[in-house]
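One structure is given below, encoded as structure tokens.
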There are 4 protein chains.
Amino acid sequence: MAEDSDRATRLEAMYTDMAAHSLEGLWRMERKGPDVRPYLWQWDTVLRAVTAAGEFVDIPYPGERRAVALVNPGIPGALGSTHAIYTAIQLVRPGEVARAHRHMPNALRFMIEGAGVSTTVEGERVPMYAGDLVLTPNMLWHEHRNDSDADAVWLDGLDSPLVFGLAAAVYEPFEDGFLTETRPEDHSGRSYGLGTVRPIGYEAPAKGSPLLVYRWTAVEPAIQRMAEDGADTEFDGVSIEYVNPGNGGHTLSTMSCWMTMLRPGEHTKAHRHTYSSVYHVHRGKGSTIIDGQRFEWAERDSFVVPPWTWHEHVNASDSDIAYLFSINDIPTLEAFNLNREEPLTENGGHQQATSVFDPENPN
Amino acid sequence: MAEDSDRATRLEAMYTDMAAHSLEGLWRMERKGPDVRPYLWQWDTVLRAVTAAGEFVDIPYPGERRAVALVNPGIPGALGSTHAIYTAIQLVRPGEVARAHRHMPNALRFMIEGAGVSTTVEGERVPMYAGDLVLTPNMLWHEHRNDSDADAVWLDGLDSPLVFGLAAAVYEPFEDGFLTETRPEDHSGRSYGLGTVRPIGYEAPAKGSPLLVYRWTAVEPAIQRMAEDGADTEFDGVSIEYVNPGNGGHTLSTMSCWMTMLRPGEHTKAHRHTYSSVYHVHRGKGSTIIDGQRFEWAERDSFVVPPWTWHEHVNASDSDIAYLFSINDIPTLEAFNLNREEPLTENGGHQQATSVFDPENPN
Amino acid sequence: MAEDSDRATRLEAMYTDMAAHSLEGLWRMERKGPDVRPYLWQWDTVLRAVTAAGEFVDIPYPGERRAVALVNPGIPGALGSTHAIYTAIQLVRPGEVARAHRHMPNALRFMIEGAGVSTTVEGERVPMYAGDLVLTPNMLWHEHRNDSDADAVWLDGLDSPLVFGLAAAVYEPFEDGFLTETRPEDHSGRSYGLGTVRPIGYEAPAKGSPLLVYRWTAVEPAIQRMAEDGADTEFDGVSIEYVNPGNGGHTLSTMSCWMTMLRPGEHTKAHRHTYSSVYHVHRGKGSTIIDGQRFEWAERDSFVVPPWTWHEHVNASDSDIAYLFSINDIPTLEAFNLNREEPLTENGGHQQATSVFDPENPN
Amino acid sequence: MAEDSDRATRLEAMYTDMAAHSLEGLWRMERKGPDVRPYLWQWDTVLRAVTAAGEFVDIPYPGERRAVALVNPGIPGALGSTHAIYTAIQLVRPGEVARAHRHMPNALRFMIEGAGVSTTVEGERVPMYAGDLVLTPNMLWHEHRNDSDADAVWLDGLDSPLVFGLAAAVYEPFEDGFLTETRPEDHSGRSYGLGTVRPIGYEAPAKGSPLLVYRWTAVEPAIQRMAEDGADTEFDGVSIEYVNPGNGGHTLSTMSCWMTMLRPGEHTKAHRHTYSSVYHVHRGKGSTIIDGQRFEWAERDSFVVPPWTWHEHVNASDSDIAYLFSINDIPTLEAFNLNREEPLTENGGHQQATSVFDPENPN
């Protein structure tokens with residue numbers, strides 16, 4: 001008894017001693033990964049927020065900051081849609097501009113609405129149309145502007161949770177405010193957009209892509225050709241990856257972008273993997289079942305598939321194709337040999353959906 | 001005197017001894033590279049030969065063997081247009097076929113005339129149209145056939161002089177005669193022809209390209225966009241390289257293919273380099289000055305720029321674009337760090353053409 | 001006034017709406033990287049804790065779990081010495097064993113004390129001696145055992161904060177408890193320890209090293225030869241990197257290990273960089289000035305240089321060499337182009353040390 | 001009849017026409033690879049020649065040119081021991097020097113006899129001892145000198161047949177005659193000789209190795225450790241490759257060097273492959289059966305295994321190890337996917353030796 005008591009006292013003293021010196025016993029450590037949760041943001045809700053922001057919020061440079069971030073509720077401190085990927089919906093009004101800047105995170109935009117708004121990257125103006133994917137690889141100077149007379153809306157995607165997590169984030173405003181256009185408009189798209197030929201003398205940029213924009217007008221027919229050829233997959237319908245034509249690698253060093261086509265009525269099989277994905281519904285409506293919960297989506301909604309969660313997609317229409325644009329962190333995991341994947345084997349590869357996610361009562 | 005004589009005798013004895021034992025003195029060795037000569041083959045001449053071959057020569061399988069090789073006169077034993085590159089003009093008549101086979105040399109065809117003739121590679125039928133570039137990377141099974149009712153003519157390009165020189169050539173006929181079509185027609189072109197997207201799950205083939213065909217209908221507008229953007233070079237007009245979209249590398253592991261556009265009236269500057277090129281005039285007429293000799297070319301002619309010879313191109317037309325397709329051995333030299341290049345600095349970068357090559361009296 | 005009040009009300013309503021739907025305004029987001037702090041753990045303190053653990057704590061498998069983690073006080077939740085690197089001091093008593101297991105994090109041990117204790121990796125027993133570096137790359141089965149009759153103490157290093165942060169951690173115990181020895185003892189060291197030759201037929205493992213151990217008996221003379229040749233650097237004395245002999249790359253895919261020699265009396269210049277380092281004093285005594293604060297170290301102490309902090313090293317002895325072993329996350333940053341470095345230019349490259357870190361009153 | 005005659009006439013006219021225009025019919029082309037023959041040079045014969053050369057031949061710079069090349073009798077024009085590899089035996093007398101130069105071919109020396117003779121490469125003096133391998137990668141300035149008072153003899157190995165064959169050879173003498181020593185003696189060996197550590201800040205040279213010398217005193221024990229661990233192969237005894245520690249690749253971009261240990265009495269199995277090898281007997285005596293012919297070798301003999309010839313090695317001693325140094329062109333073939341290999345399956349993997357090569361009557 002006395003011994004036990006003595007032991008307890010000494011144990012407590014030891015823990016006090018350790019705590020005072022920033023030590024912790026491995027035997028009582030409980031490590032956990034980030035609590036990334038499945039979630040869905042409905043377009044109406046997001047649009048309402050970003051529109052209201054235009055009316056009630058004083059933002060000195062609205063073209064720079066009027067974006068509404070899709071923040072995963074399980075990891076609010078990460079300020080990301082997953083632990084690795086930030087996404088937001090940004091509204092740029094006619095005449096608005098964002099001053100030039102650069103940063104360590106890689107960024108991309110998927111254009112939702114608008115015509116002829118542009119991003120200028122390192123002296124090249126890139127016009128943006130609905131369905132286009134525009135890249136601003138890390139540390140390239142870039143600015144945005146809406147010279148059209150219609151609102152523009154796009155999806156921002158950044159690897160900022162990763163880069164901030166690695167303590168390597170840097171943000172630099174461009175001293176002169178705006179970039180000078182030194183190259184022809186849409187130059188990279190015109191030079192590298194057909195990724196099978198390129199000007200001689202080409203030398204690949206270290207980790208980045210020579211191509212800044214992927215046009216939906218070229219991508220959609222490419223997917224349709226593959227669909228005609230039967231390029232269906234078990235888990236992801238007919239999916240293409242946007243490729244760096246400079247080295248045949250992923251879209252960016254940290255993130256890969258995909259476009260997934262689900263045929264009318266298609267219901268994929270379920271699997272899970274260590275990478276996470278943020279989906280944006282480009283066209284169509286349907287649902288994705290994630291760990292037994294059904295997330296119903298329609299055009300322009302966004303949703304998250306967390307790491308290592310079972311998931312399968314359903315196109316709810318019997319007549320129309322659905323297109324899902326997505327961003328994942330496969331390149332990050334591949335860099336360190338951390339990719340793992342597993343098919344659901346029971347029940348014919350399909351989950352039982354036991355509940356439906358309610359965007360109005362998400363918890 | 002006696003001493004000298006003695007010395008001479010002993011020297012001779014020594015050389016005899018050495019020769020008998022396959023030894024040679026470094027002090028009397030004279031090493032030389034291959035004597036590759038500039039040369040030009042006129043289309044009429046080549047066509048006359050390949051047509052005559054169809055009439056007078058008994059060839060068991062004309063679809064396989066009715067090709068006329070462009071043999072560099074300086075290195076007849078190499079059976080190549082240069083020491084590294086073999087080219088030939090092949091005529092395939094309606095109904096003719098070449099049985100399936102594979103070989104260690106990489107091969108390519110540049111389609112000159114015909115519509116709908118096809119090459120089948122590993123179970124995929126690839127239709128060929130004028131201006132298309134079709135690849136058969138090393139050791140892939142392939143066969144050719146002309147199911148159309150018109151003659152087809154193409155340029156063959158192989159790295160056979162290199163592969164034979166490395167004592168690594170292998171040729172294998174396909175046991176069953178002809179391949180079974182196991183993939184959709186034109187599958188690789190439909191899947192990888194837009195080199196900036198591709199089906200997910202793609203894994204690059206070891207050294208080869210996933211793409212078997214580059215369509216002129218896509219390549220020509222790409223070059224024209226680059227030309228509009230001012231992608232002019234000092235020595236090669238506006239030139240594109242056909243790229244392996246799987247890894248962003250050269251067309252093939254041993255050879256790179258280019259298409260060079262010369263603007264109306266364009267006259268490039270002269271340079272020289274360690275790689276050699278075989279040119280085929282896709283469109284237009286003009287001349288190339290090689291080491292002071294002018295080689296005048298017109299559509300469908302072929303000519304050789306040997307290693308380390310000064311050369312510059314002239315488009316003779318003031319109104320029409322000229323297109324030169326070419327094959328070079330840059331990838332081979334790069335593999336061993338052997339590439340070197342030098343601009344002509346004197347005389348404003350231009351040579352004095354002191355003679356004109358006469359194809360009817362080539363020597 | 002009424003308008004203002006109305007506006008405020010609507011603004012608040014908007015923020016409530018957003019919060020209810022996991023949305024956040026970019027205009028009010030404040031992103032921060034991890035608050036990694038400089039810190040120093042004195043050997044006596046750590047040893048006291050790990051020894052006490054052996055006496056008062058009931059640990060079912062002491063050989064597996066009796067490790068005291070050096071936890072950075074700025075980021076307690078990360079359970080790492082920095083945001084990217086976990087280190088701990090582990091004590092293994094005679095006769096103790098750790099059952100075989102494998103995990104997604106890469107692990108390494110730097111041997112502090114003991115002779116002949118061993119780690120068995122994938123069927124190969126690797127004896128460990130003071131100063132040796134032993135690797136267990138990710139997902140390789142491994143176990144530890146102390147068959148000697150003396151205590152063994154080592155430093156553990158893992159990339160667990162990164163791998164957990166990427167939600168990719170997996171831990172698997174080996175079903176049969178212990179591995180069977182299928183290869184000769186010390187086989188990888190004997191085969192690849194002289195990194196300039198290797199058995200023919202070698203094919204590099206995908207991301208890992210063929211070498212499991214770097215012997216101090218070989219490393220120390222190598223450093224001394226470099227020191228004799230004057231391989232001094234401005235910021236890091238004479239430093240070597242432990243290299244993957246399979247591909248010439250860093251020690252592991254996520255972490256690089258260094259040994260730094262400071263000459264008697266040496267005082268390096270200051271710089272800062274985006275990577276972080278955990279140092280372990282292998283020999284000698286001195287101090288490191290980090291952002292103006294002096295951290296005094298002696299043999300077996302450990303300390304942290306956080307990302308982007310100015311730091312310079314001082315060997316306090318006029319007669320003896322100091323050796324600092326360190327682990328950094330350079331490979332992780334390089335994978336994404338996130339490495340940046342800056343020399344201190346003012347004051348001759350030296351900081352003013354305005355305070356001294358007190359390990360007994362660290363805050 | 002008349003028709004036949006007419007046909008023959010026209011055929012002949014066609015061939016005349018073709019020949020006049022450097023055209024050849026594929027249907028009558030017979031392509032062949034180089035006729036590389038197995039051969040063996042006995043040491044006494046070679047030494048006699050190189051010694052005689054010192055007496056009877058006037059060579060302005062004997063230190064540069066007194067080498068006797070081992071020329072394959074099947075391809076005399078290639079001036080190589082195989083179609084890809086040149087070897088020679090060079091004798092450097094006390095006091096002799098070779099002025100500094102550089103060239104496109106890669107070169108290596110395997111030191112046979114002498115102590116303290118040196119090669120200076122780019123300002124670093126590399127002393128050479130028996131059994132050492134010294135590299136001079138392409139286009140590095142180098143010179144040789146014998147400051148000792150004993151004769152030095154080494155084996156030269158170059159890829160000159162390949163580089164000349166690719167028309168890319170360049171030779172440049174150093175203007176100032178001799179190099180200035182700017183780095184410590186043996187610096188690369190001291191810095192990179194333990195290939196598992198290296199100075200921080202290292203950046204790999206493009207295609208070359210940071211290491212200029214592999215010491216026999218380090219290599220021999222490494223092979224013996226592997227032999228103790230049972231690293232025997234079916235066809236090549238216990239063999240090591242000399243590795244580029246900068247990237248884990250082959251010895252040089254074009255050639256790989258091996259050291260093969262044959263245990264007392266060992267008789268390997270036969271195989272054939274597309275690469276060729278030049279062997280130099282470092283120690284021991286035995287024989288190699290090549291395509292059924294036995295080549296008996298003793299210390300310092302050299303012999304050739306041509307591409308695609310069956311071969312197996314026999315150590316004739318029951319008590320002593322044999323060491324065979326060899327140079328092959330594996331890296332060249334791998335660059336283009338041209339490597340193929342085949343085991344002999346019949347007769348237990350062994351050939352019938354039906355004849356013995358007689359070096360005195362080689363034909």
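Simple scheme: letters A, B, ... for chains in structure tokens order, numbers from 1 for residues in each chain, numbers from 1 for ligands in the order shown.
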* Proximal residues of chain B relative to chain A (only C-alpha atoms; 8 Å) as an NGL selection string -> :B and (184 or 187 or 190-191 or 193-200 or 214 or 218-219 or 222 or 225-226 or 229 or 231 or 238-249)
* Could you pull the residues within 7 Å of Ser276 in chain D, counting only C-alpha atoms, minus those fewer than 4 positions along the same chain, as a PyMOL selection string? -> chain D and resi 82+305-307+328-329
* To do: Identify, on the basis of only C-alpha atoms, every residue whose closest approach to range 117-129 of chain C does not exceed 8 Å; exclude the query and any residue fewer than 5 positions from it along the same chain; express the result as a VMD selection string.
  => chain C and resid 111 to 112 134 136 140 to 148 152 179 to 187 212 to 213 215
Give me a file of those residues, with N, CA, C and O atoms, as a JSON list (two decimals), in the first residue's frame.
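This went into selection-v8.json:
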[["chain", "number", "residue", "atom", "x", "y", "z"],
["C", 111, "MET", "N", 22.91, 5.47, -32.90],
["C", 111, "MET", "CA", 23.29, 4.70, -31.72],
["C", 111, "MET", "C", 24.15, 5.56, -30.78],
["C", 111, "MET", "O", 25.19, 6.08, -31.19],
["C", 112, "ILE", "N", 23.71, 5.68, -29.54],
["C", 112, "ILE", "CA", 24.42, 6.52, -28.57],
["C", 112, "ILE", "C", 25.34, 5.69, -27.68],
["C", 112, "ILE", "O", 26.50, 6.02, -27.47],
["C", 134, "VAL", "N", 21.37, 3.64, -38.39],
["C", 134, "VAL", "CA", 20.66, 2.47, -38.90],
["C", 134, "VAL", "C", 19.30, 2.91, -39.45],
["C", 134, "VAL", "O", 18.57, 3.65, -38.79],
["C", 136, "THR", "N", 15.46, 2.13, -41.14],
["C", 136, "THR", "CA", 14.36, 1.21, -41.46],
["C", 136, "THR", "C", 13.37, 1.98, -42.34],
["C", 136, "THR", "O", 12.41, 2.57, -41.86],
["C", 140, "LEU", "N", 9.17, -1.55, -44.27],
["C", 140, "LEU", "CA", 10.02, -2.73, -44.10],
["C", 140, "LEU", "C", 9.78, -3.30, -42.70],
["C", 140, "LEU", "O", 9.75, -2.56, -41.71],
["C", 141, "TRP", "N", 9.63, -4.61, -42.62],
["C", 141, "TRP", "CA", 9.49, -5.26, -41.32],
["C", 141, "TRP", "C", 10.77, -5.10, -40.52],
["C", 141, "TRP", "O", 11.86, -5.28, -41.07],
["C", 142, "HIS", "N", 10.63, -4.81, -39.23],
["C", 142, "HIS", "CA", 11.83, -4.70, -38.40],
["C", 142, "HIS", "C", 11.52, -4.97, -36.94],
["C", 142, "HIS", "O", 10.40, -4.81, -36.49],
["C", 143, "GLU", "N", 12.55, -5.39, -36.22],
["C", 143, "GLU", "CA", 12.44, -5.62, -34.77],
["C", 143, "GLU", "C", 13.77, -5.26, -34.13],
["C", 143, "GLU", "O", 14.79, -5.16, -34.82],
["C", 144, "HIS", "N", 13.77, -5.02, -32.83],
["C", 144, "HIS", "CA", 15.00, -4.68, -32.11],
["C", 144, "HIS", "C", 15.23, -5.68, -30.99],
["C", 144, "HIS", "O", 14.29, -6.20, -30.42],
["C", 145, "ARG", "N", 16.49, -5.88, -30.66],
["C", 145, "ARG", "CA", 16.75, -6.74, -29.51],
["C", 145, "ARG", "C", 18.10, -6.41, -28.90],
["C", 145, "ARG", "O", 19.05, -6.03, -29.58],
["C", 146, "ASN", "N", 18.16, -6.56, -27.59],
["C", 146, "ASN", "CA", 19.41, -6.35, -26.86],
["C", 146, "ASN", "C", 19.85, -7.69, -26.29],
["C", 146, "ASN", "O", 19.40, -8.09, -25.22],
["C", 147, "ASP", "N", 20.72, -8.38, -26.99],
["C", 147, "ASP", "CA", 21.24, -9.65, -26.51],
["C", 147, "ASP", "C", 22.54, -9.46, -25.74],
["C", 147, "ASP", "O", 23.15, -10.43, -25.29],
["C", 148, "SER", "N", 22.97, -8.22, -25.62],
["C", 148, "SER", "CA", 24.21, -7.96, -24.89],
["C", 148, "SER", "C", 23.88, -7.86, -23.40],
["C", 148, "SER", "O", 22.73, -7.95, -23.00],
["C", 152, "ALA", "N", 21.48, -0.36, -23.76],
["C", 152, "ALA", "CA", 21.70, 0.31, -25.04],
["C", 152, "ALA", "C", 20.80, 1.55, -25.08],
["C", 152, "ALA", "O", 19.66, 1.51, -24.62],
["C", 179, "LEU", "N", 10.83, -12.04, -36.69],
["C", 179, "LEU", "CA", 11.26, -12.35, -38.06],
["C", 179, "LEU", "C", 12.22, -13.53, -38.06],
["C", 179, "LEU", "O", 12.93, -13.77, -37.08],
["C", 180, "THR", "N", 12.26, -14.20, -39.17],
["C", 180, "THR", "CA", 13.26, -15.26, -39.37],
["C", 180, "THR", "C", 14.46, -14.63, -40.08],
["C", 180, "THR", "O", 14.28, -13.82, -40.99],
["C", 181, "GLU", "N", 15.65, -14.98, -39.63],
["C", 181, "GLU", "CA", 16.85, -14.44, -40.30],
["C", 181, "GLU", "C", 17.10, -15.22, -41.58],
["C", 181, "GLU", "O", 17.41, -16.40, -41.55],
["C", 182, "THR", "N", 16.95, -14.53, -42.69],
["C", 182, "THR", "CA", 17.10, -15.19, -43.99],
["C", 182, "THR", "C", 18.32, -14.70, -44.75],
["C", 182, "THR", "O", 18.65, -15.23, -45.80],
["C", 183, "ARG", "N", 18.95, -13.68, -44.24],
["C", 183, "ARG", "CA", 20.16, -13.17, -44.91],
["C", 183, "ARG", "C", 21.29, -13.12, -43.90],
["C", 183, "ARG", "O", 21.05, -13.07, -42.69],
["C", 184, "PRO", "N", 22.54, -13.11, -44.39],
["C", 184, "PRO", "CA", 23.66, -13.06, -43.45],
["C", 184, "PRO", "C", 23.60, -11.79, -42.59],
["C", 184, "PRO", "O", 23.09, -10.76, -43.03],
["C", 185, "GLU", "N", 24.10, -11.88, -41.39],
["C", 185, "GLU", "CA", 24.18, -10.72, -40.51],
["C", 185, "GLU", "C", 24.93, -9.59, -41.20],
["C", 185, "GLU", "O", 25.94, -9.82, -41.84],
["C", 186, "ASP", "N", 24.38, -8.40, -41.09],
["C", 186, "ASP", "CA", 25.03, -7.19, -41.62],
["C", 186, "ASP", "C", 25.19, -7.22, -43.14],
["C", 186, "ASP", "O", 26.08, -6.57, -43.70],
["C", 187, "HIS", "N", 24.31, -7.95, -43.80],
["C", 187, "HIS", "CA", 24.47, -8.20, -45.23],
["C", 187, "HIS", "C", 24.47, -6.90, -46.05],
["C", 187, "HIS", "O", 25.29, -6.72, -46.94],
["C", 212, "LEU", "N", 21.35, -0.40, -45.09],
["C", 212, "LEU", "CA", 20.61, -0.22, -43.83],
["C", 212, "LEU", "C", 21.46, 0.40, -42.73],
["C", 212, "LEU", "O", 20.93, 0.84, -41.72],
["C", 213, "VAL", "N", 22.78, 0.41, -42.90],
["C", 213, "VAL", "CA", 23.61, 0.91, -41.79],
["C", 213, "VAL", "C", 24.83, 1.65, -42.31],
["C", 213, "VAL", "O", 25.44, 1.26, -43.29],
["C", 215, "ARG", "N", 28.38, 2.90, -40.78],
["C", 215, "ARG", "CA", 29.21, 2.66, -39.60],
["C", 215, "ARG", "C", 30.05, 3.88, -39.27],
["C", 215, "ARG", "O", 30.73, 4.44, -40.16]]
* Excluding range 8-25 of chain B and residues on its chain fewer than 4 positions from it, collect all residues at most 6 Å away from it, counting only C-alpha atoms, and give them as a list in words. => Phe56, Val68, Ala69, Leu70, Val71 and Pro73 of chain D
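Among the residues of range 145-235 of chain D, backbone DSSP assigns alpha helix (DSSP H) to Ser160, Pro161, Leu162, Val163, Phe164, Gly165, His187, Ser188, Gly189, Arg190, Ser191, Tyr192, Trp216, Thr217, Ala218, Val219, Glu220, Pro221, Ala222, Ile223, Gln224, Arg225, Met226, Ala227 and Glu228 of chain D.
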